[in-house]
Amino acid sequence: MASRQGRVARVKLHASERIVVTCEHASNALPRGIGQVGASAAALRSHAAWDRGSREVASILAHRLGAAHFAGRYTRLLVDLNRSRGSKSLIPKERSGYSIAGNRKLSRKDREERIEKYYTPYREVVEAAVREALAAEGMCLHLSVHTFVPALDDEGRHADVGVLYDPRRARERGFAERMRDALVALNVPTRLNYPHSGTSDAFTTHLRARFPKTRYLGIQIEVNQDALRTNRSVWQMGRLITEAVAAAIEV
């Protein structure tokens, strides 16, 4: 591992690949004038509200890869950018044991207005970037960056990185396996489709249904928050994931 932070160099990638990096749970902020959505300060500080460290890792990854980069501006307690429009957890009434009282009181009209204002624009701009990549390069590698807590319900999670993909899509499976192998070779404990299923409700799952499996690769990267305790460890993790992505790309 590098001993210090420094100016990061971009990685040259095969010309047939265009990369889009997204970070749906980048922030725990709320827009002005909307109040606290009925969530406590503790809830807004917790993993219920955001993926701590995800914004920084995604930013490093996008910069080093020279990729298009999109990050959510607000907490997922406002609206969850990584859930389908019909999901019950799109605007959660409860999450991780925290009651989100303001969301319980939303009228149907207010709910739709919130979706159109804070959800739809993000999803549309990312989808447009994917379409642009497909039109320009014929391929799009979409890396959706998230983080996870080290333990859930008192059960430890035993990996630093999870690489999520759809096993039915051969190119995704091959990419994920190569990325896993590259990270393991860099001494980063990595598991496939962990700690979540790669086919559960997510932005990548939605986009897979819209684009051909031979041209769109939707990979969700999950990083253990325990591996992101310091600025240095965040930078190192971003660098190592970049190296693994570069190694996994088919040339």
# chains A, B, ... in the order shown; residues from 1 in each chain; ligands from 1

$ select_by_dssp --residues "region 91-194 of chain A" --states "alpha helix (DSSP H)" --output "PyMOL selection string"
chain A and resi 101-104+108-114+120-137+170-185

$ residues_around --residues "Ala101 (chain A)" --least-positions-apart "2" --cutoff "10 Å" --atoms "only C-alpha atoms" --output "compact mmCIF listing (two decimals) with C-alpha atoms, in the first residue's frame"
# COMPACT_ATOMS: atom_id res chain seq x y z
CA GLN A 36 -36.16 16.79 9.55
CA VAL A 37 -38.60 14.42 7.77
CA GLY A 38 -39.47 13.41 11.31
CA ALA A 39 -36.11 11.68 11.77
CA SER A 40 -34.06 12.13 14.93
CA PRO A 92 -39.20 4.86 4.32
CA LYS A 93 -41.51 5.17 7.30
CA GLU A 94 -39.04 3.17 9.39
CA TYR A 98 -35.64 4.47 13.57
CA SER A 99 -39.13 5.82 13.00
CA ASN A 103 -42.71 10.23 6.04
CA ARG A 104 -45.70 8.56 7.68
CA LYS A 105 -47.73 11.73 7.23
CA LEU A 106 -47.03 12.29 3.54

$ atom_distance --atom1 "CA of Met237 (chain A)" --atom2 "CA of Leu81 (chain A)"
23.9 Å

$ residues_around --residues "Val188 (chain A)" --least-positions-apart "5" --cutoff "8 Å" --atoms "only C-alpha atoms" --output "PyMOL selection string"
chain A and resi 160-161+183

$ write_last_selection --atoms "all heavy atoms" --output "CSV table (one decimal), in the first residue's frame"
chain,number,residue,atom,x,y,z
A,160,ASP,N,-13.8,-7.0,3.5
A,160,ASP,CA,-13.6,-5.6,3.4
A,160,ASP,C,-14.4,-5.0,2.2
A,160,ASP,O,-14.8,-3.8,2.2
A,160,ASP,CB,-12.1,-5.3,3.2
A,160,ASP,CG,-11.4,-5.4,4.5
A,160,ASP,OD1,-12.0,-5.6,5.6
A,160,ASP,OD2,-10.1,-5.2,4.5
A,161,VAL,N,-14.6,-5.8,1.1
A,161,VAL,CA,-15.3,-5.4,-0.1
A,161,VAL,C,-16.2,-6.5,-0.5
A,161,VAL,O,-15.9,-7.7,-0.5
A,161,VAL,CB,-14.3,-5.0,-1.2
A,161,VAL,CG1,-15.0,-4.7,-2.5
A,161,VAL,CG2,-13.4,-3.9,-0.8
A,183,LEU,N,-8.5,-8.0,-6.1
A,183,LEU,CA,-8.5,-7.4,-4.8
A,183,LEU,C,-7.9,-8.4,-3.8
A,183,LEU,O,-7.1,-8.0,-2.9
A,183,LEU,CB,-10.0,-7.1,-4.4
A,183,LEU,CG,-10.5,-5.8,-5.0
A,183,LEU,CD1,-12.0,-5.7,-4.7
A,183,LEU,CD2,-9.8,-4.6,-4.3

$ residues_around --residues "region 20-26 of chain A" --least-positions-apart "5" --cutoff "6 Å" --atoms "only C-alpha atoms" --output "NGL selection string"
:A and (50-51 or 54-55 or 62 or 67-72 or 81-82 or 142-145)

$ closest_residue --among "A:Phe211, A:Arg95, A:Ile60, A:Pro150" --to "Arg229 (chain A)" --atoms "only C-alpha atoms"
A:Pro150

$ atom_distance --atom1 "CA of Asn231 (chain A)" --atom2 "CA of His63 (chain A)"
16.5 Å

$ closest_residue --among "A:Ser84, A:Thr242, A:Thr75, A:Thr204" --to "Tyr118 (chain A)" --atoms "only C-alpha atoms"
A:Thr75

$ closest_residue --among "A:Arg210, A:His47, A:Arg32, A:Arg18" --to "Gln225 (chain A)" --atoms "only C-alpha atoms"
A:His47

$ atom_distance --atom1 "CA of Ala136 (chain A)" --atom2 "CA of Phe203 (chain A)"
21.9 Å

$ residues_around --residues "Gly86 (chain A)" --least-positions-apart "3" --cutoff "12 Å" --atoms "only C-alpha atoms" --output "NGL selection string"
:A and (79-80 or 82-83 or 89-92 or 111-112 or 115 or 201-202 or 206)

$ closest_residue --among "A:Cys140, A:Val223, A:Leu228, A:Val126" --to "Ile241 (chain A)" --atoms "only C-alpha atoms"
A:Val223

$ residues_around --residues "Ala170 (chain A)" --least-positions-apart "6" --cutoff "10 Å" --atoms "only C-alpha atoms" --output "list in words"
Ala176, Lys213, Thr214 and Leu217 of chain A

$ write_last_selection --atoms "all heavy atoms" --output "mmCIF file, in the first residue's frame"
data_model
loop_
_atom_site.group_PDB
_atom_site.id
_atom_site.type_symbol
_atom_site.label_atom_id
_atom_site.label_comp_id
_atom_site.auth_asym_id
_atom_site.auth_seq_id
_atom_site.Cartn_x
_atom_site.Cartn_y
_atom_site.Cartn_z
ATOM 1 N N ALA A 176 -16.900 -9.478 -12.264
ATOM 2 C CA ALA A 176 -16.919 -9.552 -10.802
ATOM 3 C C ALA A 176 -15.877 -10.536 -10.287
ATOM 4 O O ALA A 176 -15.182 -10.258 -9.291
ATOM 5 C CB ALA A 176 -18.307 -9.941 -10.314
ATOM 6 N N LYS A 213 -27.499 -7.263 -21.883
ATOM 7 C CA LYS A 213 -26.502 -7.837 -20.981
ATOM 8 C C LYS A 213 -25.119 -7.877 -21.593
ATOM 9 O O LYS A 213 -24.114 -7.982 -20.879
ATOM 10 C CB LYS A 213 -26.928 -9.239 -20.548
ATOM 11 C CG LYS A 213 -27.067 -10.234 -21.683
ATOM 12 C CD LYS A 213 -27.585 -11.553 -21.161
ATOM 13 C CE LYS A 213 -27.796 -12.561 -22.280
ATOM 14 N NZ LYS A 213 -28.343 -13.850 -21.764
ATOM 15 N N THR A 214 -25.026 -7.801 -22.909
ATOM 16 C CA THR A 214 -23.719 -7.815 -23.567
ATOM 17 C C THR A 214 -23.091 -6.432 -23.637
ATOM 18 O O THR A 214 -21.915 -6.300 -23.979
ATOM 19 C CB THR A 214 -23.855 -8.364 -25.000
ATOM 20 O OG1 THR A 214 -24.836 -7.582 -25.704
ATOM 21 C CG2 THR A 214 -24.264 -9.824 -24.974
ATOM 22 N N LEU A 217 -22.850 -3.404 -18.039
ATOM 23 C CA LEU A 217 -22.413 -4.146 -16.858
ATOM 24 C C LEU A 217 -22.736 -3.296 -15.634
ATOM 25 O O LEU A 217 -22.188 -2.195 -15.464
ATOM 26 C CB LEU A 217 -20.908 -4.428 -16.901
ATOM 27 C CG LEU A 217 -20.423 -5.618 -17.744
ATOM 28 C CD1 LEU A 217 -20.640 -5.348 -19.222
ATOM 29 C CD2 LEU A 217 -18.949 -5.882 -17.469
#

$ select_by_dssp --residues "region 183-230 of chain A" --states "strand (DSSP E or B)" --output "ChimeraX atom specification"
/A:190-192,216-224

$ closest_residue --among "A:Arg239, A:Arg64, A:Arg123, A:Arg85" --to "Leu186 (chain A)" --atoms "only C-alpha atoms"
A:Arg239

$ closest_residue --among "A:Leu77, A:Gly53, A:Ala151, A:Ile100" --to "Pro31 (chain A)" --atoms "only C-alpha atoms"
A:Leu77

$ decode --residues "region 159-188 of chain A" --atoms "N, CA, C and O atoms" --output "short mmCIF file (atom, residue, chain, number, x, y, z; two decimals), in the first residue's frame"
data_model
loop_
_atom_site.label_atom_id
_atom_site.label_comp_id
_atom_site.auth_asym_id
_atom_site.auth_seq_id
_atom_site.Cartn_x
_atom_site.Cartn_y
_atom_site.Cartn_z
N ALA A 159 -15.70 -9.38 5.38
CA ALA A 159 -15.08 -8.98 4.12
C ALA A 159 -14.85 -7.49 4.19
O ALA A 159 -15.56 -6.77 4.90
N ASP A 160 -13.84 -7.01 3.47
CA ASP A 160 -13.63 -5.57 3.35
C ASP A 160 -14.38 -5.00 2.17
O ASP A 160 -14.77 -3.83 2.17
N VAL A 161 -14.57 -5.84 1.14
CA VAL A 161 -15.27 -5.39 -0.07
C VAL A 161 -16.20 -6.49 -0.54
O VAL A 161 -15.86 -7.68 -0.50
N GLY A 162 -17.37 -6.09 -0.99
CA GLY A 162 -18.29 -6.99 -1.67
C GLY A 162 -18.49 -6.51 -3.10
O GLY A 162 -18.61 -5.30 -3.33
N VAL A 163 -18.52 -7.44 -4.04
CA VAL A 163 -18.74 -7.10 -5.44
C VAL A 163 -20.06 -7.76 -5.86
O VAL A 163 -20.17 -8.99 -5.91
N LEU A 164 -21.06 -6.94 -6.13
CA LEU A 164 -22.41 -7.43 -6.43
C LEU A 164 -22.67 -7.40 -7.93
O LEU A 164 -22.35 -6.42 -8.61
N TYR A 165 -23.30 -8.47 -8.42
CA TYR A 165 -23.55 -8.61 -9.85
C TYR A 165 -24.68 -9.60 -10.05
O TYR A 165 -25.14 -10.25 -9.10
N ASP A 166 -25.15 -9.72 -11.29
CA ASP A 166 -26.19 -10.70 -11.63
C ASP A 166 -25.51 -11.94 -12.20
O ASP A 166 -24.93 -11.88 -13.29
N PRO A 167 -25.56 -13.08 -11.52
CA PRO A 167 -24.89 -14.30 -11.99
C PRO A 167 -25.39 -14.79 -13.35
O PRO A 167 -24.70 -15.55 -14.03
N ARG A 168 -26.59 -14.35 -13.76
CA ARG A 168 -27.14 -14.80 -15.04
C ARG A 168 -26.53 -14.03 -16.22
O ARG A 168 -26.74 -14.42 -17.37
N ARG A 169 -25.82 -12.95 -15.92
CA ARG A 169 -25.21 -12.15 -16.98
C ARG A 169 -23.72 -12.47 -17.03
O ARG A 169 -22.96 -12.12 -16.13
N ALA A 170 -23.32 -13.18 -18.09
CA ALA A 170 -21.97 -13.75 -18.16
C ALA A 170 -20.88 -12.69 -18.06
O ALA A 170 -19.87 -12.91 -17.39
N ARG A 171 -21.05 -11.56 -18.72
CA ARG A 171 -20.00 -10.54 -18.69
C ARG A 171 -19.87 -9.93 -17.29
O ARG A 171 -18.77 -9.66 -16.83
N GLU A 172 -21.00 -9.72 -16.62
CA GLU A 172 -20.95 -9.23 -15.24
C GLU A 172 -20.26 -10.25 -14.34
O GLU A 172 -19.44 -9.89 -13.49
N ARG A 173 -20.63 -11.50 -14.49
CA ARG A 173 -20.03 -12.55 -13.66
C ARG A 173 -18.52 -12.61 -13.85
O ARG A 173 -17.76 -12.66 -12.89
N GLY A 174 -18.08 -12.56 -15.10
CA GLY A 174 -16.65 -12.60 -15.38
C GLY A 174 -15.92 -11.39 -14.81
O GLY A 174 -14.85 -11.52 -14.21
N PHE A 175 -16.53 -10.22 -14.97
CA PHE A 175 -15.92 -9.00 -14.44
C PHE A 175 -15.80 -9.08 -12.92
O PHE A 175 -14.76 -8.78 -12.34
N ALA A 176 -16.90 -9.48 -12.26
CA ALA A 176 -16.92 -9.55 -10.80
C ALA A 176 -15.88 -10.54 -10.29
O ALA A 176 -15.18 -10.26 -9.29
N GLU A 177 -15.75 -11.67 -10.94
CA GLU A 177 -14.77 -12.67 -10.50
C GLU A 177 -13.35 -12.16 -10.66
O GLU A 177 -12.50 -12.36 -9.79
N ARG A 178 -13.08 -11.49 -11.79
CA ARG A 178 -11.74 -10.94 -11.99
C ARG A 178 -11.44 -9.82 -11.00
O ARG A 178 -10.32 -9.71 -10.48
N MET A 179 -12.44 -9.00 -10.72
CA MET A 179 -12.24 -7.93 -9.75
C MET A 179 -11.98 -8.49 -8.36
O MET A 179 -11.10 -8.03 -7.63
N ARG A 180 -12.77 -9.51 -7.98
CA ARG A 180 -12.55 -10.18 -6.69
C ARG A 180 -11.14 -10.74 -6.60
O ARG A 180 -10.44 -10.55 -5.60
N ASP A 181 -10.71 -11.44 -7.64
CA ASP A 181 -9.38 -12.05 -7.63
C ASP A 181 -8.29 -10.99 -7.53
O ASP A 181 -7.29 -11.18 -6.83
N ALA A 182 -8.48 -9.86 -8.21
CA ALA A 182 -7.48 -8.79 -8.16
C ALA A 182 -7.40 -8.18 -6.77
O ALA A 182 -6.31 -7.90 -6.26
N LEU A 183 -8.54 -7.99 -6.13
CA LEU A 183 -8.53 -7.43 -4.78
C LEU A 183 -7.91 -8.39 -3.78
O LEU A 183 -7.14 -7.99 -2.90
N VAL A 184 -8.22 -9.67 -3.90
CA VAL A 184 -7.63 -10.67 -3.00
C VAL A 184 -6.11 -10.67 -3.18
O VAL A 184 -5.36 -10.77 -2.19
N ALA A 185 -5.65 -10.54 -4.42
CA ALA A 185 -4.21 -10.49 -4.67
C ALA A 185 -3.56 -9.25 -4.06
O ALA A 185 -2.37 -9.25 -3.75
N LEU A 186 -4.38 -8.21 -3.84
CA LEU A 186 -3.90 -6.98 -3.19
C LEU A 186 -4.12 -7.03 -1.67
O LEU A 186 -4.02 -6.00 -1.00
N ASN A 187 -4.43 -8.21 -1.15
CA ASN A 187 -4.65 -8.43 0.29
C ASN A 187 -5.89 -7.70 0.82
O ASN A 187 -5.91 -7.26 1.97
N VAL A 188 -6.92 -7.61 -0.02
CA VAL A 188 -8.20 -7.03 0.40
C VAL A 188 -9.23 -8.16 0.45
O VAL A 188 -9.62 -8.68 -0.61
#
